[in-house]
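Undergrad: Sharing model21.pdb here; it has PDB, C-alpha atoms and all ligand atoms.
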MODEL        1
ATOM      1  CA  MET A   1     -10.442 -38.478  25.119  1.00  0.00           C
ATOM      2  CA  LEU A   2     -10.586 -35.717  22.583  1.00  0.00           C
ATOM      3  CA  ALA A   3     -12.916 -36.154  19.651  1.00  0.00           C
ATOM      4  CA  MET A   4     -10.135 -34.994  17.358  1.00  0.00           C
ATOM      5  CA  SER A   5      -8.068 -38.063  18.095  1.00  0.00           C
ATOM      6  CA  ALA A   6     -10.638 -40.027  16.100  1.00  0.00           C
ATOM      7  CA  ILE A   7      -9.081 -38.544  12.940  1.00  0.00           C
ATOM      8  CA  ALA A   8      -5.910 -40.301  11.961  1.00  0.00           C
ATOM      9  CA  PRO A   9      -3.133 -37.711  11.549  1.00  0.00           C
ATOM     10  CA  ASP A  10      -2.416 -38.886   8.029  1.00  0.00           C
ATOM     11  CA  ARG A  11      -5.989 -38.054   6.990  1.00  0.00           C
ATOM     12  CA  ILE A  12      -5.575 -34.361   7.797  1.00  0.00           C
ATOM     13  CA  PRO A  13      -4.615 -32.494   4.648  1.00  0.00           C
ATOM     14  CA  LEU A  14      -1.440 -30.465   5.056  1.00  0.00           C
ATOM     15  CA  VAL A  15      -2.425 -28.004   2.359  1.00  0.00           C
ATOM     16  CA  VAL A  16      -5.942 -26.697   2.053  1.00  0.00           C
ATOM     17  CA  PRO A  17      -6.932 -27.156  -1.589  1.00  0.00           C
ATOM     18  CA  ASP A  18      -7.549 -23.879  -3.359  1.00  0.00           C
ATOM     19  CA  THR A  19     -11.073 -24.481  -4.497  1.00  0.00           C
ATOM     20  CA  ARG A  20     -11.733 -20.877  -5.537  1.00  0.00           C
ATOM     21  CA  LEU A  21      -8.942 -20.647  -8.104  1.00  0.00           C
ATOM     22  CA  GLU A  22      -9.656 -24.187  -9.248  1.00  0.00           C
ATOM     23  CA  SER A  23     -13.324 -23.498  -9.883  1.00  0.00           C
ATOM     24  CA  LEU A  24     -12.697 -20.151 -11.595  1.00  0.00           C
ATOM     25  CA  ALA A  25     -10.084 -21.745 -13.854  1.00  0.00           C
ATOM     26  CA  GLY A  26     -12.518 -24.569 -14.607  1.00  0.00           C
ATOM     27  CA  GLU A  27     -15.233 -22.119 -15.531  1.00  0.00           C
ATOM     28  CA  VAL A  28     -12.968 -20.149 -17.886  1.00  0.00           C
ATOM     29  CA  HIS A  29     -11.824 -23.381 -19.507  1.00  0.00           C
ATOM     30  CA  ARG A  30     -15.359 -24.770 -19.940  1.00  0.00           C
ATOM     31  CA  THR A  31     -16.781 -21.526 -21.272  1.00  0.00           C
ATOM     32  CA  TYR A  32     -14.051 -20.359 -23.649  1.00  0.00           C
ATOM     33  CA  PHE A  33     -11.382 -22.989 -24.197  1.00  0.00           C
ATOM     34  CA  SER A  34     -13.149 -26.358 -23.959  1.00  0.00           C
ATOM     35  CA  LYS A  35     -11.650 -27.542 -27.247  1.00  0.00           C
ATOM     36  CA  TYR A  36      -8.197 -27.386 -25.642  1.00  0.00           C
ATOM     37  CA  PRO A  37      -6.988 -29.492 -22.717  1.00  0.00           C
ATOM     38  CA  PRO A  38      -7.256 -27.581 -19.416  1.00  0.00           C
ATOM     39  CA  LEU A  39      -4.071 -25.821 -18.309  1.00  0.00           C
ATOM     40  CA  PRO A  40      -2.725 -25.892 -14.765  1.00  0.00           C
ATOM     41  CA  VAL A  41      -3.570 -22.600 -13.048  1.00  0.00           C
ATOM     42  CA  ARG A  42      -1.789 -21.749  -9.797  1.00  0.00           C
ATOM     43  CA  TRP A  43      -1.168 -18.834  -7.509  1.00  0.00           C
ATOM     44  CA  GLY A  44       2.342 -17.482  -7.879  1.00  0.00           C
ATOM     45  CA  GLN A  45       4.655 -17.347  -4.902  1.00  0.00           C
ATOM     46  CA  GLN A  46       4.036 -14.636  -2.366  1.00  0.00           C
ATOM     47  CA  ILE A  47       6.918 -12.227  -2.141  1.00  0.00           C
ATOM     48  CA  THR A  48       7.405  -9.594   0.512  1.00  0.00           C
ATOM     49  CA  ARG A  49       4.826  -6.901   0.368  1.00  0.00           C
ATOM     50  CA  LYS A  50       6.294  -3.576  -0.648  1.00  0.00           C
ATOM     51  CA  LYS A  51       5.416  -0.521  -2.614  1.00  0.00           C
ATOM     52  CA  ARG A  52       5.466  -1.241  -6.301  1.00  0.00           C
ATOM     53  CA  ARG A  53       5.099   0.826  -9.410  1.00  0.00           C
ATOM     54  CA  SER A  54       3.837  -2.021 -11.516  1.00  0.00           C
ATOM     55  CA  ILE A  55       2.676  -5.540 -11.053  1.00  0.00           C
ATOM     56  CA  ARG A  56       2.320  -8.562 -13.301  1.00  0.00           C
ATOM     57  CA  LEU A  57      -1.051 -10.010 -12.418  1.00  0.00           C
ATOM     58  CA  GLY A  58      -0.760 -13.159 -14.459  1.00  0.00           C
ATOM     59  CA  SER A  59       1.759 -15.069 -16.521  1.00  0.00           C
ATOM     60  CA  TYR A  60       1.806 -17.940 -18.950  1.00  0.00           C
ATOM     61  CA  ASN A  61       4.822 -20.209 -19.246  1.00  0.00           C
ATOM     62  CA  HIS A  62       4.843 -21.652 -22.758  1.00  0.00           C
ATOM     63  CA  HIS A  63       7.398 -24.315 -21.758  1.00  0.00           C
ATOM     64  CA  THR A  64       5.303 -25.781 -18.948  1.00  0.00           C
ATOM     65  CA  THR A  65       1.935 -24.421 -20.288  1.00  0.00           C
ATOM     66  CA  GLU A  66       1.279 -23.318 -16.741  1.00  0.00           C
ATOM     67  CA  ILE A  67      -0.678 -20.212 -15.824  1.00  0.00           C
ATOM     68  CA  ARG A  68       0.298 -18.315 -12.683  1.00  0.00           C
ATOM     69  CA  ILE A  69      -1.869 -15.738 -11.020  1.00  0.00           C
ATOM     70  CA  HIS A  70      -0.285 -13.150  -8.738  1.00  0.00           C
ATOM     71  CA  PRO A  71      -1.039 -14.075  -5.095  1.00  0.00           C
ATOM     72  CA  ILE A  72      -2.046 -10.486  -4.394  1.00  0.00           C
ATOM     73  CA  LEU A  73      -5.325 -11.392  -6.111  1.00  0.00           C
ATOM     74  CA  ASN A  74      -5.871 -14.217  -3.623  1.00  0.00           C
ATOM     75  CA  ALA A  75      -8.174 -12.135  -1.434  1.00  0.00           C
ATOM     76  CA  PRO A  76     -11.921 -12.186  -0.819  1.00  0.00           C
ATOM     77  CA  HIS A  77     -12.371  -8.561  -1.954  1.00  0.00           C
ATOM     78  CA  VAL A  78     -11.002  -9.299  -5.430  1.00  0.00           C
ATOM     79  CA  PRO A  79     -14.040 -10.104  -7.593  1.00  0.00           C
ATOM     80  CA  SER A  80     -14.174 -13.490  -9.285  1.00  0.00           C
ATOM     81  CA  ILE A  81     -14.759 -11.922 -12.687  1.00  0.00           C
ATOM     82  CA  PHE A  82     -11.444 -10.101 -12.365  1.00  0.00           C
ATOM     83  CA  ILE A  83      -9.501 -13.258 -11.540  1.00  0.00           C
ATOM     84  CA  MET A  84     -11.296 -14.978 -14.422  1.00  0.00           C
ATOM     85  CA  SER A  85     -10.329 -12.160 -16.788  1.00  0.00           C
ATOM     86  CA  VAL A  86      -6.648 -12.711 -15.898  1.00  0.00           C
ATOM     87  CA  ILE A  87      -6.988 -16.475 -16.423  1.00  0.00           C
ATOM     88  CA  HIS A  88      -8.761 -15.826 -19.744  1.00  0.00           C
ATOM     89  CA  HIS A  89      -5.960 -13.460 -20.845  1.00  0.00           C
ATOM     90  CA  GLU A  90      -3.283 -16.066 -20.035  1.00  0.00           C
ATOM     91  CA  TYR A  91      -5.204 -18.830 -21.807  1.00  0.00           C
ATOM     92  CA  LEU A  92      -5.216 -16.586 -24.875  1.00  0.00           C
ATOM     93  CA  HIS A  93      -1.417 -16.522 -24.780  1.00  0.00           C
ATOM     94  CA  HIS A  94      -1.518 -20.323 -24.922  1.00  0.00           C
ATOM     95  CA  VAL A  95      -3.805 -20.214 -27.966  1.00  0.00           C
ATOM     96  CA  LEU A  96      -2.600 -17.092 -29.812  1.00  0.00           C
ATOM     97  CA  GLY A  97       1.036 -16.654 -28.811  1.00  0.00           C
ATOM     98  CA  PRO A  98       2.912 -14.000 -26.864  1.00  0.00           C
ATOM     99  CA  HIS A  99       1.882 -10.787 -28.656  1.00  0.00           C
ATOM    100  CA  HIS A 100      -0.787  -8.339 -27.587  1.00  0.00           C
ATOM    101  CA  ASN A 101      -1.782  -7.601 -31.161  1.00  0.00           C
ATOM    102  CA  ARG A 102      -5.151  -6.641 -32.629  1.00  0.00           C
ATOM    103  CA  ARG A 103      -6.255 -10.248 -32.906  1.00  0.00           C
ATOM    104  CA  PHE A 104      -5.349 -10.822 -29.264  1.00  0.00           C
ATOM    105  CA  HIS A 105      -7.390  -7.825 -28.128  1.00  0.00           C
ATOM    106  CA  GLN A 106     -10.360  -8.945 -30.231  1.00  0.00           C
ATOM    107  CA  HIS A 107     -10.326 -12.300 -28.483  1.00  0.00           C
ATOM    108  CA  GLU A 108      -9.846 -10.628 -25.136  1.00  0.00           C
ATOM    109  CA  ARG A 109     -13.079  -8.724 -25.583  1.00  0.00           C
ATOM    110  CA  GLN A 110     -14.934 -12.021 -25.983  1.00  0.00           C
ATOM    111  CA  PHE A 111     -14.614 -12.535 -22.246  1.00  0.00           C
ATOM    112  CA  GLN A 112     -18.112 -11.793 -21.005  1.00  0.00           C
ATOM    113  CA  HIS A 113     -17.077  -9.408 -18.226  1.00  0.00           C
ATOM    114  CA  HIS A 114     -14.139  -7.825 -20.016  1.00  0.00           C
ATOM    115  CA  ARG A 115     -15.240  -4.209 -19.561  1.00  0.00           C
ATOM    116  CA  GLU A 116     -16.334  -4.739 -15.968  1.00  0.00           C
ATOM    117  CA  ALA A 117     -12.977  -6.351 -15.140  1.00  0.00           C
ATOM    118  CA  GLN A 118     -11.079  -3.449 -16.719  1.00  0.00           C
ATOM    119  CA  GLU A 119     -13.119  -0.947 -14.749  1.00  0.00           C
ATOM    120  CA  TRP A 120     -12.460  -2.815 -11.524  1.00  0.00           C
ATOM    121  CA  ILE A 121      -8.694  -2.837 -11.956  1.00  0.00           C
ATOM    122  CA  ARG A 122      -8.708   0.826 -12.965  1.00  0.00           C
ATOM    123  CA  GLY A 123     -10.391   1.671  -9.678  1.00  0.00           C
ATOM    124  CA  ASN A 124      -8.445  -0.762  -7.488  1.00  0.00           C
ATOM    125  CA  LEU A 125      -4.915  -0.989  -8.828  1.00  0.00           C
ATOM    126  CA  PHE A 126      -3.677   1.508  -6.255  1.00  0.00           C
ATOM    127  CA  LEU A 127      -4.971  -0.748  -3.471  1.00  0.00           C
ATOM    128  CA  LEU A 128      -3.215  -3.774  -4.914  1.00  0.00           C
ATOM    129  CA  LEU A 129       0.007  -1.826  -5.193  1.00  0.00           C
ATOM    130  CA  GLY A 130      -0.235  -0.764  -1.555  1.00  0.00           C
ATOM    131  CA  ARG A 131      -0.373   2.894  -2.431  1.00  0.00           C
ATOM    132  CA  LYS A 132      -2.624   5.801  -1.826  1.00  0.00           C
ATOM    133  CA  LYS A 133      -4.531   6.837  -4.924  1.00  0.00           C
ATOM    134  CA  ASN A 134      -2.867  10.251  -5.364  1.00  0.00           C
ATOM    135  CA  GLU A 135       0.603   8.724  -5.058  1.00  0.00           C
ATOM    136  CA  LEU A 136       0.274   7.183  -8.499  1.00  0.00           C
ATOM    137  CA  LYS A 137      -0.023  10.602 -10.102  1.00  0.00           C
ATOM    138  CA  ARG A 138       3.400  11.721  -8.924  1.00  0.00           C
ATOM    139  CA  PRO A 139       6.344  11.406 -11.274  1.00  0.00           C
ATOM    140  CA  ALA A 140       8.434   8.282 -10.944  1.00  0.00           C
ATOM    141  CA  PRO A 141      11.262   8.542  -8.404  1.00  0.00           C
ATOM    142  CA  PRO A 142      14.757   8.101  -9.833  1.00  0.00           C
ATOM    143  CA  PRO A 143      15.839   4.451  -9.911  1.00  0.00           C
ATOM    144  CA  ALA A 144      17.702   3.281  -6.832  1.00  0.00           C
ATOM    145  CA  PRO A 145      21.489   3.212  -7.216  1.00  0.00           C
ATOM    146  CA  PRO A 146      22.839  -0.304  -7.936  1.00  0.00           C
ATOM    147  CA  GLN A 147      24.429  -0.472  -4.493  1.00  0.00           C
ATOM    148  CA  ALA A 148      21.064  -0.061  -2.742  1.00  0.00           C
ATOM    149  CA  VAL A 149      19.473  -2.720  -4.930  1.00  0.00           C
ATOM    150  CA  GLN A 150      22.236  -5.146  -4.152  1.00  0.00           C
ATOM    151  CA  ALA A 151      22.020  -4.503  -0.420  1.00  0.00           C
ATOM    152  CA  SER A 152      18.342  -5.419  -0.387  1.00  0.00           C
ATOM    153  CA  LEU A 153      19.183  -8.877  -1.690  1.00  0.00           C
ATOM    154  CA  PHE A 154      21.041  -9.875   1.431  1.00  0.00           C
TER     155      PHE A 154
HETATM  156 ZN    ZN A 201      -0.498 -10.775 -21.860  1.00  0.00          ZN
ENDMDL
END
Please rewrite the model in this file as C-alpha cells.
TA:
Amino acid sequence: MLAMSAIAPDRIPLVVPDTRLESLAGEVHRTYFSKYPPLPVRWGQQITRKKRRSIRLGSYNHHTTEIRIHPILNAPHVPSIFIMSVIHHEYLHHVLGPHHNRRFHQHERQFQHHREAQEWIRGNLFLLLGRKKNELKRPAPPPAPPQAVQASLF
C-alpha cells in the first residue's frame, strides 16, 4: 500500500495558499495601516504573456476595497520590498482617495524602502515587460488598426 493513501483525498488542499503575498500584505498593514481594518490583497489574473508598453502593477477597487497585485510580480526574483511598495501604494488609495497629488506622494515616501523600490523597478521594468532594455528607447510603434485588435479577441 502506498503511504499517500493514508491521506484522505478531501484533506489535500486544491489550491496552495499564497503565504508570501499574505505575509507581505500583513506586514504592510501592521506597519503602516494598523488603525484601519486589513484589506484583501490578491494576485490579479494571469493573462497571456506578450510584449507590453506599459503595465499596471497594482490596483485598488474602491467598491470592493480589494487590492490586486499584477501576477507578473509573483516570482521569486521580485524583491519583497517591491511587492510591499505596491501594496503600500494601493493602501494609500484606500486612505487618501484616487489622486496622485502632493499629499499622496508625501505619504508614499513614508514607506521605509520607497527609494530602493523605485530603483529596483527602474532597473527591472524592461524584464517585467518582456523586452530587451534598448527596445524601450525606441519610439512607440503606430497603434494597431482596429481590425487587427478585433481579430486578436477571437
Ligand atoms: Zn496609484
Undergrad: Please provide the set of residues having any atom within 10 Å of segment 78-87 of chain A, restricted to all atoms listed in the file, with same-chain residues fewer than 4 positions apart removed, written as JSON, numbers by chain.
TA: {"A": [20, 21, 23, 24, 25, 26, 27, 28, 29, 39, 41, 42, 57, 58, 59, 60, 67, 68, 69, 70, 72, 73, 74, 91, 92, 108, 109, 111, 112, 113, 114, 115, 116, 117, 118, 119, 120, 121, 124, 128]}
Undergrad: Would you mind telling me which residue in A:His99, A:His63, A:His107, A:Arg30 lies nearest to ligand ZN 201 (chain A) when using only C-alpha atoms and all ligand atoms?
TA: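 When distances to ligand ZN 201 (chain A) are compared using only C-alpha atoms and all ligand atoms, the smallest one comes from A:His99.
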Undergrad: Counting all atoms listed in the file, which of A:Gly123, A:Gln46, A:Pro71, A:Asn61 gets nearest to ligand ZN 201 (chain A)?
TA: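 Of A:Gly123, A:Gln46, A:Pro71, A:Asn61, the one nearest ligand ZN 201 (chain A) is A:Asn61, counting all atoms listed in the file.
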Undergrad: Can you list what the PyMOL selection byres (((not hetatm)) within 7 of (chain A and resi 201)) grabs from this structure, as an mmCIF file with C-alpha atoms, in the frame of the given file?
TA:
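Result written to out03.cif:
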data_model
loop_
_atom_site.group_PDB
_atom_site.id
_atom_site.type_symbol
_atom_site.label_atom_id
_atom_site.label_comp_id
_atom_site.auth_asym_id
_atom_site.auth_seq_id
_atom_site.Cartn_x
_atom_site.Cartn_y
_atom_site.Cartn_z
ATOM 1 C CA HIS A 89 -5.960 -13.460 -20.845
ATOM 2 C CA GLU A 90 -3.283 -16.066 -20.035
ATOM 3 C CA HIS A 93 -1.417 -16.522 -24.780
ATOM 4 C CA PRO A 98 2.912 -14.000 -26.864
ATOM 5 C CA HIS A 100 -0.787 -8.339 -27.587
#
Undergrad: If I take atom CA of Asn101 of chain A and atom CA of Thr64 of chain A, how far is one from the other in Å, to one decimal?
TA: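 If I compute the distance from atom CA of Asn101 of chain A to atom CA of Thr64 of chain A, I get 23.0 Å.
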Undergrad: How many Å separate atom CA of Phe126 of chain A from atom CA of Ile55 of chain A?
TA: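 Atom CA of Ile55 of chain A lies at a distance of 10.6 Å from atom CA of Phe126 of chain A.
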Undergrad: Atom CA of Phe104 of chain A and atom CA of His62 of chain A are how many Å apart?
TA: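 A separation of 16.2 Å between them.
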